[in-house]
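Coordinates from final-v9.txt are shown below (compact mmCIF, C-alpha atoms).
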# COMPACT_ATOMS: atom_id res chain seq x y z
CA MET A 1 42.56 30.91 49.71
CA THR A 2 39.92 33.29 51.12
CA ARG A 3 36.28 32.27 51.39
CA THR A 4 35.32 35.00 48.91
CA GLU A 5 37.36 33.35 46.19
CA ASN A 6 35.82 30.56 44.19
CA PRO A 7 38.42 27.80 43.65
CA THR A 8 36.56 26.71 40.50
CA ASN A 9 36.80 30.21 38.99
CA PRO A 10 39.02 29.94 35.89
CA GLN A 11 40.87 33.15 36.77
CA VAL A 12 41.60 31.90 40.31
CA GLN A 13 42.80 28.58 38.91
CA ARG A 14 45.06 30.31 36.37
CA THR A 15 46.55 32.56 39.05
CA GLN A 16 47.20 29.65 41.38
CA SER A 17 48.76 27.62 38.56
CA LEU A 18 50.99 30.59 37.66
CA MET A 19 52.17 30.94 41.24
CA LEU A 20 52.76 27.20 41.65
CA ASP A 21 54.83 27.22 38.46
CA ALA A 22 56.85 30.10 39.89
CA ALA A 23 57.40 28.19 43.14
CA ARG A 24 58.45 25.11 41.18
CA THR A 25 60.96 27.18 39.19
CA LEU A 26 62.42 28.67 42.39
CA LEU A 27 62.71 25.20 43.91
CA ALA A 28 64.45 23.76 40.85
CA GLU A 29 66.85 26.66 40.35
CA HIS A 30 67.61 27.81 43.90
CA GLY A 31 66.40 25.13 46.33
CA PRO A 32 63.61 25.07 48.95
CA GLU A 33 64.96 28.05 50.88
CA ALA A 34 64.10 30.26 47.89
CA VAL A 35 60.41 29.38 48.01
CA THR A 36 59.00 32.32 49.97
CA HIS A 37 55.84 34.38 49.52
CA LEU A 38 57.87 37.37 48.36
CA ARG A 39 59.92 35.50 45.76
CA VAL A 40 56.92 33.55 44.47
CA ALA A 41 55.07 36.84 44.04
CA GLU A 42 58.00 38.47 42.23
CA THR A 43 58.54 35.47 39.93
CA ALA A 44 54.85 35.07 39.13
CA GLY A 45 54.27 38.82 38.71
CA VAL A 46 51.49 39.01 41.31
CA ALA A 47 51.03 40.82 44.61
CA ARG A 48 52.42 39.15 47.70
CA ALA A 49 48.94 39.38 49.27
CA THR A 50 47.66 37.18 46.44
CA VAL A 51 50.16 34.46 47.34
CA TYR A 52 49.10 34.68 51.00
CA ARG A 53 45.44 34.31 50.03
CA HIS A 54 46.21 30.98 48.39
CA TRP A 55 48.83 29.77 50.89
CA PRO A 56 48.65 31.29 54.41
CA ASN A 57 52.14 30.08 55.31
CA ARG A 58 55.26 28.85 53.57
CA ALA A 59 54.72 25.23 54.62
CA THR A 60 51.51 25.07 52.59
CA ILE A 61 53.35 26.22 49.45
CA LEU A 62 55.97 23.52 49.93
CA LEU A 63 53.29 20.91 50.64
CA ASP A 64 51.47 21.75 47.41
CA LEU A 65 54.78 21.49 45.54
CA LEU A 66 55.30 18.04 47.03
CA ARG A 67 51.77 16.97 46.18
CA ALA A 68 52.06 18.21 42.62
CA GLY A 69 55.46 16.62 42.17
CA ALA A 70 54.69 13.28 43.79
CA ASP A 71 51.24 12.91 42.23
CA LEU A 72 50.28 10.41 44.93
CA HIS A 73 46.87 9.21 43.88
CA LEU A 74 47.04 5.62 45.04
CA THR A 75 44.07 3.51 44.01
CA PRO A 76 43.20 0.72 46.46
CA PRO A 77 44.21 -2.65 44.98
CA GLN A 78 41.50 -5.08 43.94
CA PRO A 79 40.21 -6.97 47.00
CA ASP A 80 40.40 -10.38 45.29
CA LEU A 81 44.20 -10.16 45.11
CA THR A 82 46.38 -11.89 47.67
CA ILE A 83 47.96 -9.79 50.42
CA ALA A 84 51.34 -10.00 48.66
CA GLU A 85 49.76 -8.86 45.38
CA ARG A 86 47.93 -5.99 47.08
CA VAL A 87 51.08 -4.79 48.79
CA THR A 88 53.07 -5.13 45.56
CA THR A 89 50.47 -3.03 43.73
CA ALA A 90 50.61 -0.32 46.39
CA LEU A 91 54.42 -0.24 46.42
CA THR A 92 54.52 -0.07 42.62
CA SER A 93 52.24 2.99 42.64
CA PHE A 94 54.32 4.62 45.34
CA ALA A 95 57.54 3.85 43.48
CA ALA A 96 56.17 5.49 40.33
CA ALA A 97 55.81 8.74 42.29
CA LEU A 98 59.32 8.51 43.72
CA ASN A 99 60.80 7.69 40.31
CA GLY A 100 59.30 10.87 38.84
CA ASP A 101 59.27 14.51 39.89
CA GLY A 102 58.18 13.51 43.39
CA GLY A 103 61.54 11.90 44.08
CA ARG A 104 63.46 14.93 42.85
CA THR A 105 61.29 17.27 44.93
CA LEU A 106 61.71 15.15 48.05
CA ALA A 107 65.48 14.93 47.54
CA ALA A 108 65.71 18.71 47.24
CA MET A 109 63.82 19.25 50.49
CA ILE A 110 65.13 16.50 52.76
CA GLY A 111 68.50 18.11 53.35
CA LEU A 112 66.92 21.37 54.50
CA ALA A 113 64.22 19.80 56.70
CA GLU A 114 66.62 19.44 59.64
CA TRP A 115 66.92 23.23 59.98
CA ASP A 116 63.73 24.56 58.36
CA GLU A 117 60.46 23.99 60.24
CA ASP A 118 58.30 24.79 57.21
CA VAL A 119 60.11 22.24 55.03
CA PHE A 120 59.94 19.67 57.83
CA ALA A 121 56.19 20.24 58.29
CA ALA A 122 55.54 19.79 54.57
CA LEU A 123 57.66 16.65 54.39
CA GLU A 124 56.04 15.19 57.50
CA GLN A 125 52.55 15.55 56.04
CA MET A 126 53.48 14.28 52.61
CA THR A 127 55.66 11.33 53.49
CA ALA A 128 53.10 9.98 55.97
CA PHE A 129 50.68 9.20 53.14
CA GLY A 130 52.40 6.15 51.66
CA PRO A 131 53.15 4.47 55.01
CA MET A 132 49.58 5.04 56.24
CA PHE A 133 48.16 3.57 53.05
CA LEU A 134 50.40 0.52 53.31
CA HIS A 135 49.73 0.13 57.04
CA SER A 136 45.99 -0.11 56.36
CA LEU A 137 46.57 -2.91 53.83
CA LEU A 138 48.81 -4.86 56.20
CA THR A 139 46.48 -4.40 59.17
CA ALA A 140 43.55 -5.66 57.11
CA GLY A 141 45.62 -8.66 56.01
CA LEU A 142 46.51 -9.41 59.62
CA ASP A 143 42.91 -9.09 60.79
CA ASN A 144 41.75 -11.28 57.93
CA GLY A 145 44.14 -14.08 58.80
CA GLU A 146 46.33 -13.68 55.71
CA LEU A 147 49.42 -12.83 57.77
CA ASP A 148 51.04 -14.62 60.66
CA GLU A 149 49.54 -13.44 63.95
CA ASP A 150 52.96 -12.25 65.12
CA ALA A 151 53.36 -9.92 62.12
CA ASP A 152 53.89 -6.29 63.10
CA PRO A 153 52.28 -3.96 60.49
CA ALA A 154 54.24 -0.90 61.66
CA LEU A 155 57.57 -2.72 61.42
CA LEU A 156 56.63 -4.19 58.04
CA VAL A 157 55.83 -0.71 56.73
CA ASP A 158 59.33 0.43 57.69
CA ARG A 159 60.91 -2.63 56.09
CA LEU A 160 58.92 -2.24 52.86
CA ILE A 161 58.81 1.54 52.40
CA GLY A 162 62.26 2.32 53.79
CA PRO A 163 64.26 0.60 51.03
CA LEU A 164 62.32 2.55 48.38
CA TYR A 165 63.33 5.88 49.91
CA PHE A 166 66.88 4.64 50.44
CA ARG A 167 67.29 3.41 46.86
CA ARG A 168 65.74 6.47 45.21
CA LEU A 169 66.85 9.35 47.44
CA LEU A 170 70.27 8.18 48.62
CA TYR A 171 71.53 6.06 45.74
CA HIS A 172 69.48 7.91 43.08
CA ASP A 173 68.65 4.56 41.47
CA PRO A 174 65.27 3.88 39.88
CA ILE A 175 62.88 1.58 41.74
CA THR A 176 62.09 -1.25 39.32
CA ASP A 177 59.24 -3.75 39.38
CA ASP A 178 61.80 -6.52 39.82
CA TYR A 179 63.21 -4.79 42.90
CA ILE A 180 59.74 -4.51 44.42
CA ASP A 181 58.97 -8.16 43.69
CA ARG A 182 62.19 -9.24 45.43
CA LEU A 183 61.53 -6.90 48.35
CA VAL A 184 58.04 -8.30 48.91
CA ALA A 185 59.27 -11.88 48.49
CA SER A 186 61.98 -11.49 51.12
CA THR A 187 60.10 -9.29 53.59
CA LEU A 188 56.39 -10.14 53.41
CA THR A 189 56.05 -13.58 51.83
CA PRO A 190 57.58 -15.47 54.80
CA LEU A 191 54.77 -14.06 56.98
CA VAL A 192 51.91 -14.99 54.64
CA ARG A 193 49.61 -17.74 55.84
CA GLY A 194 48.03 -20.16 53.39
CA ASP A 195 44.68 -20.35 55.16
CA GLY A 196 43.66 -16.70 55.02
CA PRO A 197 41.22 -15.76 52.24
CA PRO A 198 41.53 -12.47 50.35
CA ILE A 199 39.43 -9.59 51.68
CA GLN A 200 35.96 -9.48 50.22
Let me see the structure of the file written as structure tokens.
Amino acid sequence: MTRTENPTNPQVQRTQSLMLDAARTLLAEHGPEAVTHLRVAETAGVARATVYRHWPNRATILLDLLRAGADLHLTPPQPDLTIAERVTTALTSFAAALNGDGGRTLAAMIGLAEWDEDVFAALEQMTAFGPMFLHSLLTAGLDNGELDEDADPALLVDRLIGPLYFRRLLYHDPITDDYIDRLVASTLTPLVRGDGPPIQ
């Protein structure tokens, strides 16, 4: 979006919403390769220059589609919860995004990411959010003495987040609360120490 445009202007917001809806339609009906500035402009009935003003490159269109679909607004868990409860809360929020439109959008783009740099760039930015959020929780738990000193936050992130992607995007199964509880119990709970207080 150019500096001369006011993002709070109702007309600008309506135009952007119209174009994003057009991009979403192209993605759903024809796949990620159809989401280009030209086709978004044609579908939305606007000039191609207008699309470029809002999204300077194709990767930014795809990233906004991912953000809108995933709706990843993770609220930090309450600090008086145990480390297992905080991680469970974070995974539950993340699973809700994968179970909804976010999962379908990710599934549509993953196959193309190997050959399309724009799709890969959008996926790389978007999928880093959940692991980074979880890593911060685990690192805080380790620093606070809630986890065994040999616990590896980066490895734990892979072991906790990976199964969610695998279950939702490969098997196309919903991620249930029971599944998350069992995942945390088998992966994280053995590393929890009894002498570490919750973060204040």
For this session: Fewer than 3 positions away in the same chain doesn't count, so skip those; otherwise give me all residues within 9 Å of Leu164 (chain A), counting only C-alpha atoms, as a PyMOL selection string.
Result: chain A and resi 91+94-95+98+160-161+167-169+175+180
Would you write out those residues with C-alpha atoms, as a PDB file, in the coordinates of the input?
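Contents of again-v1.pdb, freshly written:
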ATOM      1  CA  LEU A  91      54.420  -0.240  46.420  1.00  0.00           C
ATOM      2  CA  PHE A  94      54.320   4.620  45.340  1.00  0.00           C
ATOM      3  CA  ALA A  95      57.540   3.850  43.480  1.00  0.00           C
ATOM      4  CA  LEU A  98      59.320   8.510  43.720  1.00  0.00           C
ATOM      5  CA  LEU A 160      58.920  -2.240  52.860  1.00  0.00           C
ATOM      6  CA  ILE A 161      58.810   1.540  52.400  1.00  0.00           C
ATOM      7  CA  ARG A 167      67.290   3.410  46.860  1.00  0.00           C
ATOM      8  CA  ARG A 168      65.740   6.470  45.210  1.00  0.00           C
ATOM      9  CA  LEU A 169      66.850   9.350  47.440  1.00  0.00           C
ATOM     10  CA  ILE A 175      62.880   1.580  41.740  1.00  0.00           C
ATOM     11  CA  ILE A 180      59.740  -4.510  44.420  1.00  0.00           C
TER      12      ILE A 180
END
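The smallest atom-to-atom distance between Ala47 (chain A) and any of A:Ile61, A:Met19, A:Leu26, A:Leu188, using only C-alpha atoms, is found for A:Met19.
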Problem set entry | Who sits within 10 Å of Thr50 (chain A), only C-alpha atoms, same chain under 2 positions skipped, as a VMD selection string | chain A and resid 1 to 2 15 to 16 19 37 41 46 to 48 52 to 56
For this session: Can you work out the spacing between CA of His135 (chain A) and CA of Leu123 (chain A) in Å, to one decimal?
Result: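 Separation between CA of His135 (chain A) and CA of Leu123 (chain A): 18.5 Å.
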Pull the neighbourhood of (56.2, -5.5, 59.3) for me: all residues within 10 Å in file coordinates, counting only C-alpha atoms, as an mmCIF file with C-alpha atoms, in the frame of the given file.
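And here's part-v6.cif as it stands now:
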data_model
loop_
_atom_site.group_PDB
_atom_site.id
_atom_site.type_symbol
_atom_site.label_atom_id
_atom_site.label_comp_id
_atom_site.auth_asym_id
_atom_site.auth_seq_id
_atom_site.Cartn_x
_atom_site.Cartn_y
_atom_site.Cartn_z
ATOM 1 C CA HIS A 135 49.730 0.130 57.040
ATOM 2 C CA LEU A 138 48.810 -4.860 56.200
ATOM 3 C CA THR A 139 46.480 -4.400 59.170
ATOM 4 C CA ASP A 150 52.960 -12.250 65.120
ATOM 5 C CA ALA A 151 53.360 -9.920 62.120
ATOM 6 C CA ASP A 152 53.890 -6.290 63.100
ATOM 7 C CA PRO A 153 52.280 -3.960 60.490
ATOM 8 C CA ALA A 154 54.240 -0.900 61.660
ATOM 9 C CA LEU A 155 57.570 -2.720 61.420
ATOM 10 C CA LEU A 156 56.630 -4.190 58.040
ATOM 11 C CA VAL A 157 55.830 -0.710 56.730
ATOM 12 C CA ASP A 158 59.330 0.430 57.690
ATOM 13 C CA ARG A 159 60.910 -2.630 56.090
ATOM 14 C CA LEU A 160 58.920 -2.240 52.860
ATOM 15 C CA THR A 187 60.100 -9.290 53.590
ATOM 16 C CA LEU A 188 56.390 -10.140 53.410
ATOM 17 C CA LEU A 191 54.770 -14.060 56.980
#
For this session: Measuring atom to atom with only C-alpha atoms, identify which of A:Gly100, A:Ile83, A:Val119, A:Glu149 is nearest to Val184 (chain A).
Result: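 With only C-alpha atoms as the atom set, the closest residue is A:Ile83.
Comparing the minimum interatomic distances between Ser186 (chain A) and each of A:Ala84, A:Pro174, A:Asn99, A:Tyr165, counting all atoms listed in the file, we find that A:Ala84 sits nearest.
Interatomic distance, CA of Leu183 (chain A) to CA of Gln125 (chain A): 25.4 Å.
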For this session: Figure out the distance between CA of Val40 (chain A) and CA of Leu20 (chain A), please, to one decimal in Å.
Result: 8.1 Å
For Met109 (chain A): contacts at 12 Å, only C-alpha atoms, fewer than 3 positions along chain excluded, given as a compact mmCIF listing (two decimals) with C-alpha atoms, in the frame of the given file:
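Contents of around-v9.txt, freshly written:
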# COMPACT_ATOMS: atom_id res chain seq x y z
CA LEU A 27 62.71 25.20 43.91
CA ALA A 28 64.45 23.76 40.85
CA HIS A 30 67.61 27.81 43.90
CA GLY A 31 66.40 25.13 46.33
CA PRO A 32 63.61 25.07 48.95
CA GLU A 33 64.96 28.05 50.88
CA ALA A 34 64.10 30.26 47.89
CA VAL A 35 60.41 29.38 48.01
CA ALA A 59 54.72 25.23 54.62
CA LEU A 62 55.97 23.52 49.93
CA LEU A 63 53.29 20.91 50.64
CA LEU A 65 54.78 21.49 45.54
CA LEU A 66 55.30 18.04 47.03
CA GLY A 102 58.18 13.51 43.39
CA GLY A 103 61.54 11.90 44.08
CA ARG A 104 63.46 14.93 42.85
CA THR A 105 61.29 17.27 44.93
CA LEU A 106 61.71 15.15 48.05
CA LEU A 112 66.92 21.37 54.50
CA ALA A 113 64.22 19.80 56.70
CA GLU A 114 66.62 19.44 59.64
CA TRP A 115 66.92 23.23 59.98
CA ASP A 116 63.73 24.56 58.36
CA GLU A 117 60.46 23.99 60.24
CA ASP A 118 58.30 24.79 57.21
CA VAL A 119 60.11 22.24 55.03
CA PHE A 120 59.94 19.67 57.83
CA ALA A 121 56.19 20.24 58.29
CA ALA A 122 55.54 19.79 54.57
CA LEU A 123 57.66 16.65 54.39
CA GLU A 124 56.04 15.19 57.50
CA MET A 126 53.48 14.28 52.61
CA THR A 127 55.66 11.33 53.49
CA LEU A 169 66.85 9.35 47.44
